[in-house]
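Below is the file model-v1.tsv, which contains TSV, C-alpha atoms.
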```tsv
chain	number	residue	atom	x	y	z
A	1	MET	CA	0.00	0.00	0.00
A	2	ALA	CA	1.15	3.60	0.50
A	3	SER	CA	4.56	4.20	2.04
A	4	GLU	CA	5.70	6.85	4.49
A	5	SER	CA	7.78	8.57	1.83
A	6	GLN	CA	4.57	9.26	-0.06
A	7	ALA	CA	2.95	10.71	3.03
A	8	VAL	CA	5.52	13.50	3.20
A	9	ARG	CA	4.89	14.64	-0.38
A	10	PRO	CA	3.69	18.25	-0.64
A	11	HIS	CA	-0.05	18.65	-0.26
A	12	ALA	CA	-2.70	21.35	0.06
A	13	HIS	CA	-3.15	22.71	3.57
A	14	GLN	CA	-6.62	21.29	4.20
A	15	PHE	CA	-5.35	17.72	3.99
A	16	ASP	CA	-3.38	15.82	6.63
A	17	ASP	CA	-1.00	14.39	4.03
A	18	ALA	CA	-0.63	13.68	0.33
A	19	ILE	CA	-2.22	10.26	0.66
A	20	GLN	CA	-5.42	11.76	2.05
A	21	GLN	CA	-5.36	14.34	-0.74
A	22	PHE	CA	-5.10	11.63	-3.39
A	23	ASP	CA	-7.77	9.48	-1.72
A	24	THR	CA	-10.10	12.47	-1.56
A	25	ALA	CA	-9.77	13.20	-5.27
A	26	ASN	CA	-10.17	9.51	-6.09
A	27	PHE	CA	-13.31	9.22	-3.95
A	28	GLY	CA	-14.68	12.44	-5.43
A	29	MET	CA	-14.39	11.03	-8.94
A	30	TRP	CA	-16.14	7.83	-7.81
A	31	VAL	CA	-19.03	9.88	-6.38
A	32	PHE	CA	-19.30	11.66	-9.74
A	33	LEU	CA	-19.27	8.26	-11.50
A	34	ILE	CA	-22.16	7.17	-9.27
A	35	THR	CA	-24.15	10.13	-10.57
A	36	GLU	CA	-23.18	9.06	-14.08
A	37	MET	CA	-24.43	5.54	-13.35
A	38	MET	CA	-27.82	7.01	-12.49
A	39	PHE	CA	-27.64	9.36	-15.49
A	40	PHE	CA	-27.22	6.48	-17.94
A	41	GLY	CA	-29.30	4.25	-15.65
A	42	GLY	CA	-32.44	6.18	-16.50
A	43	LEU	CA	-31.98	5.51	-20.21
A	44	PHE	CA	-31.08	1.87	-19.56
A	45	ALA	CA	-34.18	1.41	-17.38
A	46	GLY	CA	-36.36	2.95	-20.07
A	47	TYR	CA	-34.81	0.67	-22.67
A	48	VAL	CA	-35.31	-2.43	-20.52
A	49	VAL	CA	-38.95	-1.52	-19.87
A	50	TYR	CA	-39.79	-0.97	-23.53
A	51	ARG	CA	-37.87	-4.04	-24.66
A	52	THR	CA	-39.96	-6.00	-22.17
A	53	VAL	CA	-43.20	-4.41	-23.37
A	54	TYR	CA	-42.46	-4.59	-27.13
A	55	PRO	CA	-40.15	-7.60	-27.54
A	56	ALA	CA	-40.95	-8.28	-31.21
A	57	ALA	CA	-40.40	-4.69	-32.33
A	58	PHE	CA	-37.16	-4.37	-30.38
A	59	ASN	CA	-35.83	-7.65	-31.78
A	60	ILE	CA	-36.46	-6.29	-35.27
A	61	GLY	CA	-34.81	-3.04	-34.26
A	62	SER	CA	-31.74	-4.93	-33.01
A	63	HIS	CA	-31.37	-6.50	-36.42
A	64	GLU	CA	-31.06	-3.05	-37.97
A	65	THR	CA	-27.87	-2.40	-35.99
A	66	GLU	CA	-24.50	-3.38	-37.46
A	67	VAL	CA	-22.78	-5.97	-35.27
A	68	LEU	CA	-19.53	-5.75	-37.23
A	69	LEU	CA	-19.16	-2.04	-36.52
A	70	GLY	CA	-20.49	-2.29	-32.97
A	71	GLY	CA	-18.27	-5.25	-32.17
A	72	THR	CA	-15.23	-3.53	-33.66
A	73	ASN	CA	-15.98	-0.49	-31.54
A	74	THR	CA	-16.18	-2.70	-28.45
A	75	VAL	CA	-12.70	-4.04	-29.18
A	76	VAL	CA	-11.46	-0.49	-29.85
A	77	LEU	CA	-12.70	0.70	-26.46
A	78	ILE	CA	-11.30	-2.31	-24.59
A	79	CYS	CA	-7.91	-1.60	-26.16
A	80	SER	CA	-8.24	2.06	-25.19
A	81	SER	CA	-8.89	1.04	-21.58
A	82	LEU	CA	-5.70	-1.02	-21.65
A	83	THR	CA	-3.65	1.90	-22.98
A	84	MET	CA	-5.29	4.24	-20.45
A	85	ALA	CA	-4.40	1.90	-17.56
A	86	LEU	CA	-0.85	1.71	-18.89
A	87	ALA	CA	-0.78	5.51	-19.11
A	88	VAL	CA	-1.68	5.78	-15.41
A	89	ARG	CA	1.01	3.22	-14.65
A	90	SER	CA	3.56	5.28	-16.60
A	91	ALA	CA	2.66	8.33	-14.53
A	92	GLN	CA	3.10	6.32	-11.32
A	93	LEU	CA	6.62	5.43	-12.49
A	94	SER	CA	7.45	9.02	-13.53
A	95	LYS	CA	7.88	7.92	-17.15
A	96	THR	CA	6.60	11.06	-18.84
A	97	ARG	CA	7.33	10.13	-22.46
A	98	GLN	CA	5.66	6.77	-22.01
A	99	LEU	CA	2.71	8.52	-20.32
A	100	VAL	CA	2.28	10.90	-23.25
A	101	GLY	CA	2.59	8.02	-25.70
A	102	PHE	CA	-0.12	5.95	-24.03
A	103	LEU	CA	-2.39	8.99	-23.66
A	104	VAL	CA	-2.05	9.81	-27.36
A	105	VAL	CA	-2.81	6.21	-28.37
A	106	THR	CA	-5.86	6.24	-26.08
A	107	MET	CA	-7.06	9.44	-27.73
A	108	LEU	CA	-6.55	7.95	-31.20
A	109	LEU	CA	-8.55	4.87	-30.23
A	110	GLY	CA	-11.29	7.13	-28.86
A	111	LEU	CA	-11.38	9.07	-32.12
A	112	THR	CA	-11.49	5.77	-34.03
A	113	PHE	CA	-14.53	4.79	-31.98
A	114	LEU	CA	-16.21	8.10	-32.78
A	115	GLY	CA	-15.39	7.70	-36.49
A	116	ILE	CA	-16.95	4.25	-36.64
A	117	LYS	CA	-19.97	5.52	-34.72
A	118	GLY	CA	-20.31	8.36	-37.24
A	119	LEU	CA	-20.27	5.81	-40.04
A	120	GLU	CA	-23.03	3.85	-38.30
A	121	TYR	CA	-25.12	6.98	-37.92
A	122	TYR	CA	-24.56	7.78	-41.59
A	123	HIS	CA	-25.85	4.33	-42.55
A	124	LYS	CA	-28.92	4.92	-40.38
A	125	VAL	CA	-29.61	8.17	-42.19
A	126	GLU	CA	-29.18	6.41	-45.54
A	127	HIS	CA	-31.67	3.68	-44.55
A	128	GLN	CA	-34.14	6.25	-43.23
A	129	LEU	CA	-34.03	4.85	-39.71
A	130	VAL	CA	-33.64	8.18	-37.91
A	131	PRO	CA	-36.74	8.75	-35.76
A	132	GLY	CA	-38.83	11.66	-36.90
A	133	ALA	CA	-40.35	12.89	-40.12
A	134	SER	CA	-37.88	11.00	-42.34
A	135	PHE	CA	-38.37	7.61	-40.66
A	136	ARG	CA	-39.43	4.86	-43.05
A	137	PHE	CA	-39.66	1.19	-42.17
A	138	GLU	CA	-41.20	-1.41	-44.45
A	139	GLY	CA	-41.70	-4.22	-41.99
A	140	PRO	CA	-44.01	-5.05	-39.13
A	141	HIS	CA	-43.96	-3.09	-35.87
A	142	GLY	CA	-42.84	0.14	-37.51
A	143	ARG	CA	-43.72	2.31	-34.53
A	144	GLY	CA	-41.94	-0.04	-32.13
A	145	VAL	CA	-38.86	-0.04	-34.35
A	146	GLN	CA	-38.91	3.76	-34.33
A	147	LEU	CA	-39.04	3.62	-30.53
A	148	PHE	CA	-36.02	1.29	-30.56
A	149	MET	CA	-34.15	3.66	-32.85
A	150	SER	CA	-34.97	6.54	-30.50
A	151	PHE	CA	-33.28	4.66	-27.68
A	152	TYR	CA	-30.40	3.70	-29.98
A	153	PHE	CA	-29.63	7.29	-30.88
A	154	ALA	CA	-30.24	8.67	-27.38
A	155	MET	CA	-28.06	6.11	-25.64
A	156	THR	CA	-25.21	5.91	-28.14
A	157	GLY	CA	-25.39	9.67	-28.63
A	158	LEU	CA	-25.07	10.38	-24.92
A	159	HIS	CA	-22.23	7.86	-24.79
A	160	ALA	CA	-20.51	9.49	-27.79
A	161	LEU	CA	-20.79	12.88	-26.08
A	162	HIS	CA	-19.01	11.40	-23.07
A	163	MET	CA	-16.34	10.01	-25.39
A	164	ILE	CA	-15.79	13.44	-26.96
A	165	ILE	CA	-15.44	15.01	-23.52
A	166	GLY	CA	-13.07	12.18	-22.56
A	167	VAL	CA	-10.85	12.80	-25.57
A	168	GLY	CA	-10.78	16.48	-24.61
A	169	ILE	CA	-9.75	15.59	-21.07
A	170	LEU	CA	-6.98	13.34	-22.36
A	171	GLY	CA	-5.75	16.16	-24.58
A	172	THR	CA	-5.51	18.38	-21.52
A	173	LEU	CA	-3.56	15.65	-19.72
A	174	VAL	CA	-1.12	15.40	-22.64
A	175	SER	CA	-0.56	19.14	-22.45
A	176	MET	CA	0.02	18.98	-18.69
A	177	ALA	CA	2.31	15.96	-19.02
A	178	LEU	CA	4.44	17.67	-21.65
A	179	ARG	CA	4.94	20.52	-19.19
A	180	GLY	CA	6.28	18.03	-16.63
A	181	ARG	CA	3.33	18.22	-14.24
A	182	PHE	CA	3.13	14.50	-13.45
A	183	SER	CA	5.41	12.11	-11.58
A	184	ALA	CA	5.21	9.37	-8.97
A	185	ALA	CA	4.76	12.14	-6.41
A	186	TYR	CA	1.70	13.60	-8.13
A	187	TYR	CA	-0.36	11.96	-10.86
A	188	THR	CA	-3.87	12.39	-9.45
A	189	PRO	CA	-5.42	13.99	-12.58
A	190	VAL	CA	-4.22	11.04	-14.65
A	191	GLU	CA	-5.71	8.53	-12.20
A	192	VAL	CA	-9.13	10.20	-11.98
A	193	SER	CA	-9.28	10.77	-15.74
A	194	GLY	CA	-8.55	7.07	-16.10
A	195	LEU	CA	-11.51	6.32	-13.87
A	196	TYR	CA	-13.75	8.44	-16.13
A	197	TRP	CA	-12.43	6.77	-19.28
A	198	HIS	CA	-12.92	3.24	-17.92
A	199	PHE	CA	-16.43	4.14	-16.82
A	200	VAL	CA	-17.36	5.28	-20.35
A	201	ASP	CA	-15.93	1.95	-21.57
A	202	ILE	CA	-18.16	0.09	-19.08
A	203	ILE	CA	-21.22	1.93	-20.39
A	204	TRP	CA	-20.40	0.69	-23.89
A	205	ILE	CA	-19.81	-2.83	-22.54
A	206	PHE	CA	-23.51	-2.81	-21.65
A	207	LEU	CA	-24.73	-0.83	-24.67
A	208	TYR	CA	-23.20	-3.30	-27.12
A	209	PRO	CA	-25.15	-6.42	-26.10
A	210	LEU	CA	-28.35	-4.52	-25.26
A	211	LEU	CA	-28.57	-2.66	-28.57
A	212	TYR	CA	-26.73	-4.92	-31.01
A	213	LEU	CA	-26.95	-8.51	-29.76
A	214	LEU	CA	-30.28	-9.18	-28.05
A	215	GLY	CA	-32.65	-11.04	-30.33
A	216	ARG	CA	-29.97	-12.01	-32.87
A	217	HIS	CA	-30.76	-15.68	-32.43
A	218	ILE	CA	-34.25	-14.99	-33.73
A	219	HIS	CA	-34.41	-14.80	-37.50
A	220	VAL	CA	-36.53	-11.89	-38.70
B	221	MET	CA	-4.65	3.27	-4.97
B	222	ASN	CA	-1.96	5.66	-4.03
B	223	GLY	CA	1.24	3.91	-4.88
B	224	HIS	CA	0.33	0.37	-5.86
B	225	VAL	CA	1.75	-0.16	-9.34
B	226	VAL	CA	-0.08	-2.93	-11.16
B	227	PRO	CA	2.18	-5.14	-13.32
B	228	VAL	CA	1.81	-4.81	-17.10
B	229	ARG	CA	1.20	-8.56	-17.23
B	230	THR	CA	-1.96	-8.18	-15.11
B	231	TYR	CA	-3.34	-5.45	-17.37
B	232	VAL	CA	-2.63	-7.43	-20.54
B	233	THR	CA	-4.21	-10.58	-19.08
B	234	VAL	CA	-7.38	-8.66	-18.17
B	235	TRP	CA	-7.41	-7.14	-21.66
B	236	ALA	CA	-7.14	-10.60	-23.25
B	237	ILE	CA	-10.02	-11.92	-21.14
B	238	LEU	CA	-12.15	-8.90	-22.09
B	239	ILE	CA	-11.49	-9.50	-25.80
B	240	ALA	CA	-12.33	-13.19	-25.39
B	241	LEU	CA	-15.57	-12.36	-23.57
B	242	THR	CA	-16.50	-9.93	-26.35
B	243	ALA	CA	-16.06	-12.70	-28.91
B	244	LEU	CA	-18.02	-15.08	-26.69
B	245	THR	CA	-20.97	-12.72	-26.22
B	246	THR	CA	-21.08	-11.94	-29.95
B	247	ILE	CA	-21.03	-15.60	-30.99
B	248	SER	CA	-23.49	-16.75	-28.31
B	249	ALA	CA	-25.94	-14.05	-29.41
B	250	TYR	CA	-26.45	-15.89	-32.70
B	251	ALA	CA	-26.85	-19.33	-31.14
B	252	ASP	CA	-30.36	-20.35	-30.18
B	253	LEU	CA	-30.00	-20.70	-26.43
B	254	ALA	CA	-33.49	-19.49	-25.61
B	255	PRO	CA	-34.52	-18.59	-22.96
B	256	PHE	CA	-30.96	-18.03	-21.80
B	257	ASN	CA	-29.70	-15.69	-24.55
B	258	THR	CA	-30.42	-12.52	-22.64
B	259	PRO	CA	-29.23	-13.74	-19.20
B	260	ILE	CA	-26.00	-14.99	-20.79
B	261	ALA	CA	-25.38	-11.68	-22.55
B	262	ILE	CA	-26.05	-9.71	-19.37
B	263	SER	CA	-23.87	-12.02	-17.29
B	264	ILE	CA	-20.95	-11.67	-19.68
B	265	ALA	CA	-21.38	-7.89	-19.64
B	266	LEU	CA	-21.40	-7.92	-15.84
B	267	GLY	CA	-18.24	-10.02	-15.84
B	268	LYS	CA	-16.52	-7.58	-18.17
B	269	MET	CA	-17.62	-4.70	-15.99
B	270	MET	CA	-16.17	-6.38	-12.90
B	271	LEU	CA	-12.83	-6.90	-14.65
B	272	VAL	CA	-12.62	-3.28	-15.80
B	273	ALA	CA	-13.66	-2.00	-12.37
B	274	LEU	CA	-11.45	-4.25	-10.26
B	275	PHE	CA	-8.26	-4.05	-12.32
B	276	PHE	CA	-8.33	-1.08	-14.70
B	277	MET	CA	-10.12	1.18	-12.22
B	278	HIS	CA	-8.00	-0.18	-9.36
B	279	VAL	CA	-10.97	-1.05	-7.11
B	280	ARG	CA	-9.17	-4.25	-6.15
B	281	TYR	CA	-6.27	-2.23	-4.82
B	282	SER	CA	-8.31	0.55	-3.24
B	283	GLY	CA	-9.52	1.18	0.28
B	284	ARG	CA	-12.94	0.34	1.64
B	285	MET	CA	-14.41	3.76	0.89
B	286	VAL	CA	-13.88	3.44	-2.85
B	287	GLN	CA	-15.13	-0.15	-2.84
B	288	VAL	CA	-18.28	0.83	-0.97
B	289	ALA	CA	-18.82	3.77	-3.34
B	290	ALA	CA	-18.57	1.52	-6.40
B	291	ALA	CA	-20.92	-1.05	-4.85
B	292	ALA	CA	-23.37	1.65	-3.75
B	293	GLY	CA	-23.77	2.91	-7.31
B	294	MET	CA	-24.71	-0.60	-8.41
B	295	CYS	CA	-27.20	-0.86	-5.53
B	296	TRP	CA	-29.03	2.25	-6.67
B	297	LEU	CA	-29.19	0.86	-10.21
B	298	VAL	CA	-30.65	-2.39	-8.88
B	299	ILE	CA	-33.35	-0.41	-7.03
B	300	LEU	CA	-34.14	1.52	-10.20
B	301	PHE	CA	-34.46	-1.59	-12.37
B	302	VAL	CA	-36.21	-3.90	-9.91
B	303	LEU	CA	-38.85	-1.45	-8.74
B	304	THR	CA	-39.53	-0.04	-12.23
B	305	LEU	CA	-39.81	-3.46	-13.87
B	306	SER	CA	-41.92	-4.92	-11.08
B	307	ASP	CA	-44.32	-2.03	-11.56
B	308	TYR	CA	-44.80	-2.90	-15.23
B	309	VAL	CA	-44.85	-6.66	-14.78
B	310	THR	CA	-47.47	-6.59	-12.04
B	311	ARG	CA	-49.77	-4.23	-13.95
B	312	GLY	CA	-50.14	-6.45	-16.99
B	313	ALA	CA	-48.26	-4.11	-19.34
B	314	VAL	CA	-45.91	-6.89	-20.37
B	315	PRO	CA	-46.74	-9.64	-22.87
B	316	ASN	CA	-46.73	-13.10	-21.26
B	317	SER	CA	-47.19	-11.51	-17.86
B	318	PRO	CA	-50.88	-10.99	-17.14
B	319	GLY	CA	-50.29	-9.00	-13.97
B	320	TRP	CA	-51.54	-9.66	-10.49
```
Would you encode the structure as structure tokens?
Amino acid sequence: MASESQAVRPHAHQFDDAIQQFDTANFGMWVFLITEMMFFGGLFAGYVVYRTVYPAAFNIGSHETEVLLGGTNTVVLICSSLTMALAVRSAQLSKTRQLVGFLVVTMLLGLTFLGIKGLEYYHKVEHQLVPGASFRFEGPHGRGVQLFMSFYFAMTGLHALHMIIGVGILGTLVSMALRGRFSAAYYTPVEVSGLYWHFVDIIWIFLYPLLYLLGRHIHV
Amino acid sequence: MNGHVVPVRTYVTVWAILIALTALTTISAYADLAPFNTPIAISIALGKMMLVALFFMHVRYSGRMVQVAAAAGMCWLVILFVLTLSDYVTRGAVPNSPGW
């Protein structure tokens, strides 16, 4: 665990020592993530309710999603979580160049995710599956499919917004790292940004099966 | 966390398991395992979440306060899902569930 040498690191006056300062920031980020769980939780609960109430329509809706792109994006985000964890580790070991390298790779993977998501959205527009005036669906349960697509865009859109913010945060970290702000003595912003990034990955870990995979075994 | 440096090997192993679980959930989605398709998919997702939380988010190496915070968030989600769904299921709004 923490050693005495870490306790005597410089810290802000309201904390007993640097360990308490780090633990406070860490806990604060977790409390924020709890609010994020409830934030996404509302959309997930709505999705679960309507999937339960309109199972046929939502199974058809699931078939309109592209598993190849969604699955690729899942792999992309899992890789980005690995590079983010390695970035935090680099900061803990005062390896600034390695830290910057891993942060940049994480950002690139995040941008890759957003690019693939944009392609998916473009396909939806092409197939007239965007809820609203332009929605056209030539199968059964058209209204239910439109409801599914509403959830699809709302949930993946909110997630994509979080990804964009995350990439921005990582860019800020790169800038700070290049100015020598992080070392084994102080890397708190890297750690808490990592928590945020992993959380956004976890959201996608649930979005992928719920939106893309449920009902695939049923042939429609 | 505060000082515990996780070995690269641990991170890479967790990453490999996550990739494998992604392949597993994708493939099992197409297999007819009714009525277990959905529970299997959710279980795999929960497993992946636990791996990311415990190892990438350092919950395994953190103090009690962080562990309780992480668990508490899940508890509130459980309340949200269980009470909301039970409301619909018991009022007959769900096919195959005539209500009470």
Quick one: which residues from chain A are at most 6 Å off chain B, using all atoms listed in the file, as a short mmCIF file (atom, residue, chain, number, x, y, z; two decimals) with C-alpha atoms, keeping the file's coordinate frame?
```cif
data_model
loop_
_atom_site.label_atom_id
_atom_site.label_comp_id
_atom_site.auth_asym_id
_atom_site.auth_seq_id
_atom_site.Cartn_x
_atom_site.Cartn_y
_atom_site.Cartn_z
CA MET A 1 0.00 0.00 0.00
CA ALA A 2 1.15 3.60 0.50
CA PHE A 27 -13.31 9.22 -3.95
CA ILE A 34 -22.16 7.17 -9.27
CA ALA A 45 -34.18 1.41 -17.38
CA VAL A 53 -43.20 -4.41 -23.37
CA ALA A 85 -4.40 1.90 -17.56
CA LEU A 195 -11.51 6.32 -13.87
CA ILE A 202 -18.16 0.09 -19.08
CA PHE A 206 -23.51 -2.81 -21.65
CA LEU A 213 -26.95 -8.51 -29.76
CA ARG A 216 -29.97 -12.01 -32.87
CA HIS A 217 -30.76 -15.68 -32.43
#
```
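Residue nearest Phe32 in chain A, chosen from A:Leu69, A:Val192, A:Leu114, A:Leu99 and counting only C-alpha atoms: A:Val192.
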Inset, instruction - Calculate how many Å separate CA of Phe148 in chain A from CA of Glu64 in chain A, rounding to one decimal. - result: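 Result for CA of Phe148 in chain A versus CA of Glu64 in chain A: 9.9 Å, one decimal.
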Legend entry - Pick from A:Pro209, A:Gly110, A:Gly115, A:Gly157 nearest to Ile169 in chain A, counting only C-alpha atoms: A:Gly110
Inset, instruction - In Å, rounded to a single decimal, give me how far CA of Phe151 in chain A is from CA of Met37 in chain A. - result: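 Taking CA of Met37 in chain A and CA of Phe151 in chain A, their separation equals 16.9 Å.
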Legend entry - CA of Thr233 in chain B to CA of Val200 in chain A, distance in Å rounded to a single decimal: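 Separation of CA of Thr233 in chain B and CA of Val200 in chain A: 20.6 Å.
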Legend entry - Neighbour list for Gly132 in chain A as a PyMOL selection string, cut-off 12 Å, all atoms listed in the file, skip fewer than 5 positions in-chain: chain A and resi 125+137+143+145-147+149-150+153
Produce a file of the selected residues containing C-alpha atoms, as an mmCIF file, in the frame of the given file.
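Output saved as part-v3.cif:
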```
data_model
loop_
_atom_site.group_PDB
_atom_site.id
_atom_site.type_symbol
_atom_site.label_atom_id
_atom_site.label_comp_id
_atom_site.auth_asym_id
_atom_site.auth_seq_id
_atom_site.Cartn_x
_atom_site.Cartn_y
_atom_site.Cartn_z
ATOM 1 C CA VAL A 125 -29.610 8.170 -42.190
ATOM 2 C CA PHE A 137 -39.660 1.190 -42.170
ATOM 3 C CA ARG A 143 -43.720 2.310 -34.530
ATOM 4 C CA VAL A 145 -38.860 -0.040 -34.350
ATOM 5 C CA GLN A 146 -38.910 3.760 -34.330
ATOM 6 C CA LEU A 147 -39.040 3.620 -30.530
ATOM 7 C CA MET A 149 -34.150 3.660 -32.850
ATOM 8 C CA SER A 150 -34.970 6.540 -30.500
ATOM 9 C CA PHE A 153 -29.630 7.290 -30.880
#
```
Inset, instruction - Go through A:His123, A:His13, A:Lys117, A:Arg97 and flag the residue nearest Ser183 in chain A, using all atoms listed in the file for the distances. - result: A:Arg97
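Among A:Met176, A:His198, A:Ile205, A:His159, the residue with the shortest atom-to-atom distance to Leu274 in chain B, counting only C-alpha atoms, is A:His198.
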